[in-house]
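Written below as structure tokens is the structure these notes are about.
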Amino acid sequence: MRELLKTEHLSVSFFTKSGEVEAVRDVSLTVEEGEVLAIVGESGCGKSALCKSIMKLLPKTAKIKSGKILADGIDITDYTQRNMSRLRGALFSMIFQDPMTSLNPTMTIGKQIEEAVRIHNKKMPKKQVKKKVLELMQLVEIDEPEVRISQYPHEFSGGMRQRAVMAIALAGNPKILFADEPTTALDVTIQAQILDVFRRIQKKLGIATVFISHDLGVVAGVADRVAVMYAGKIVEIGTAEEIFYDPRHPYTWGLLQSLPILSRGKEWLPTLPGMPPTLIHPPKGDAFAERNAYAMRIDYEKEPPMFQVTDTHYAATWLLDERAPEVKAPIGERRYGK
């Protein structure tokens with residue numbers, strides 16, 4: 001498959017009154033045509049900052065310090081906002097968390113989708129525009145689009161509003177779609193419906209997708225590959241099967257142990273002790289060491305490299321070093337080290 005998105009050692013910082021926040025630290029990843037890459041991790045780990053860096057949607061206080069961003073073979077690392085405006089919506093598009101912050105409450109849903117269509121098809125006749133709007137509403141499975149086209153956001157339910165936002169994001173036929181926790185604001189039943197719609201659309205259109213979430217349970221049904229992020233860095237990446245059935249990083253073990261499906265018959269879910277480190281002054285060595293029950297002396301002194309597990313599976317943990325002592329993973333029966 002063709003590679004549509006690639007970041008090479010990307011580092012992004014926010015310069016605040018309190019100091020430099022190293023939000024994204026040396027991140028390298030790829031997204032291929034038609035695949036879904038999920039990026040998971042706790043709030044504040046840098047997931048959204050990474051995607052907004054690629055789309056150049058960061059505030060003026062943020063700066064790409066090093067690395068490269070390649071989108072469909074184009075190096076966009078130093079692109080200005082004027083150049084980026086030509087790519088947004090056409091090359092890549094984004095679905096945000098809360099649809100109410102993306103929709104204009106004073107405009108009908110039809111007008112807002114129409115506006116997105118016209119931006120990318122300025123010479124399209126009016127009848128064709130309306131036809132395209134209805135097609136987009138049908139694509140995201142909005143019932144009775146001929147009626148709904150004249151309704152306002154407040155007349156839509158949360159799930160229907162998110163579908164409308166998806167229609168707007170798809171108006172320019174993008175090759176790459178960023179979905180920033182698109183189901184977080186929805187209840188569990190509607191969340192499942194939106195995920196089903198999302199996956200059907202992705203399969204039908206073959207759009208390369210970066211799906212951001214803090215919940216491994218949510219991405220289980222949509223992701224082809226999963227990247228686990230902690231303290232601004234990718235700490236493990238592999239196929240969905242490898243991450244769910246053969247996780248190698250202690251942080252991934254913690255995320256998986258917290259899934260409700262694994263709590264059947266238990267009175268409580270395991271939790272990770274402590275808090276993520278501040279990224280104003282990232283700790284020396286492995287950023288996860290303070291919360292890692294398997295941490296060794298070297299974790300506090302030296303940052304682990306990405307160890308290769310398979311051709312598609314990598315993890316940044318000293319437990320994969322051939323000199324590491326044997327430990328038993330809490331997920332499954334696999335043992336690590338000598």
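Ordered as shown in the structure tokens, chains take letters A, B, and onward, while each chain numbers its residues from 1 and ligands are numbered from 1 in the order shown.
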
May I have all residues of segment 171-205 of chain A that DSSP, computed from the backbone, assigns to strand (DSSP E), given as JSON, numbers by chain?
{"A": [176, 177, 178, 179, 180]}

Can you spit out the residues from that selection as a compact mmCIF listing (two decimals), in the first residue's frame, using N, CA and C atoms?
# COMPACT_ATOMS: atom_id res chain seq x y z
N ILE A 176 -6.74 11.72 3.83
CA ILE A 176 -6.37 11.39 5.21
C ILE A 176 -7.38 12.06 6.15
N LEU A 177 -7.91 11.29 7.09
CA LEU A 177 -8.89 11.81 8.04
C LEU A 177 -8.36 11.66 9.46
N PHE A 178 -8.39 12.76 10.23
CA PHE A 178 -8.04 12.72 11.64
C PHE A 178 -9.33 12.74 12.44
N ALA A 179 -9.50 11.77 13.33
CA ALA A 179 -10.69 11.70 14.18
C ALA A 179 -10.24 11.84 15.62
N ASP A 180 -10.44 13.03 16.20
CA ASP A 180 -9.95 13.33 17.55
C ASP A 180 -11.02 13.00 18.59

Spatial neighbours of segment 13-19 of chain A, 9 Å, only C-alpha atoms, chain gap at least 3 places, as a list in words
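My list of contacting residues is Glu22, Ala23, Val24, Arg25, Pro59, Lys60, Thr61, Ala62, Lys63, Ile64, Lys65, Ile280 and His281 of chain A.
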
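When only C-alpha atoms are used to measure the gap to Asp75 of chain A, the shortest distance among A:Arg225, A:Lys6, A:Lys123, A:Arg118 belongs to A:Lys6.
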
Interatomic distance between atom CA of Glu267 of chain A and atom CA of Trp253 of chain A?
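If I compute the distance from atom CA of Glu267 of chain A to atom CA of Trp253 of chain A, I get 19.1 Å.
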
Sorted by chain and rising residue number, list the residues of segment 196-241 of chain A at most 8 Å from segment 44-53 of chain A (counting only C-alpha atoms), each with its closest atom pair and distance in Å to one decimal, as CSV.
residue,atom,partner,partner_atom,distance
A:Ile212,CA,A:Lys47,CA,6.6
A:Met229,CA,A:Cys45,CA,6.3
A:Tyr230,CA,A:Cys45,CA,5.1
A:Ala231,CA,A:Cys45,CA,4.8
A:Gly232,CA,A:Gly46,CA,4.8
A:Lys233,CA,A:Gly46,CA,7.7

What are the nearest atom pairs, with distances in Å to one decimal, for all residues of segment 150-222 of chain A that come at most 9 Å from segment 124-140 of chain A, using only C-alpha atoms, set out by chain and rising residue number as a tab-separated table?
residue	atom	partner	partner_atom	distance
A:Arg163	CA	A:Val140	CA	5.6
A:Ala164	CA	A:Met137	CA	7.1
A:Met166	CA	A:Val140	CA	6.9
A:Ala167	CA	A:Leu136	CA	5.4
A:Ile168	CA	A:Leu136	CA	8.1
A:Leu170	CA	A:Leu136	CA	7.6
A:Ala171	CA	A:Leu136	CA	7.2
A:Val197	CA	A:Val140	CA	6.6
A:Phe198	CA	A:Val140	CA	7.9
A:Ile201	CA	A:Leu139	CA	7.1

Considering only C-alpha atoms, give me a table of residues in segment 7-102 of chain A that are at most 10 Å from segment 144-158 of chain A, with the closest atom pair and distance in Å for each, as JSON lines.
{"residue": "A:Asp98", "atom": "CA", "partner": "A:Gly158", "partner_atom": "CA", "distance": 8.9}
{"residue": "A:Pro99", "atom": "CA", "partner": "A:Gly158", "partner_atom": "CA", "distance": 7.6}
{"residue": "A:Met100", "atom": "CA", "partner": "A:Pro153", "partner_atom": "CA", "distance": 7.6}

Write out the residues from the selection above, keeping C-alpha atoms, as a PDB file, in the first residue's frame.
ATOM      1  CA  ASP A  98     -17.515  17.912  20.592  1.00  0.00           C
ATOM      2  CA  PRO A  99     -19.728  18.504  17.535  1.00  0.00           C
ATOM      3  CA  MET A 100     -21.406  21.529  19.145  1.00  0.00           C
TER       4      MET A 100
END

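Take the candidates A:Arg82, A:Ile69, A:Asp321, A:Ala169 and check each one against Leu103 of chain A using only C-alpha atoms; the shortest distance goes to A:Ala169.
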
Could you please determine the separation between atom CA of Phe288 of chain A and atom CA of Tyr300 of chain A in Å, to one decimal place?
9.2 Å
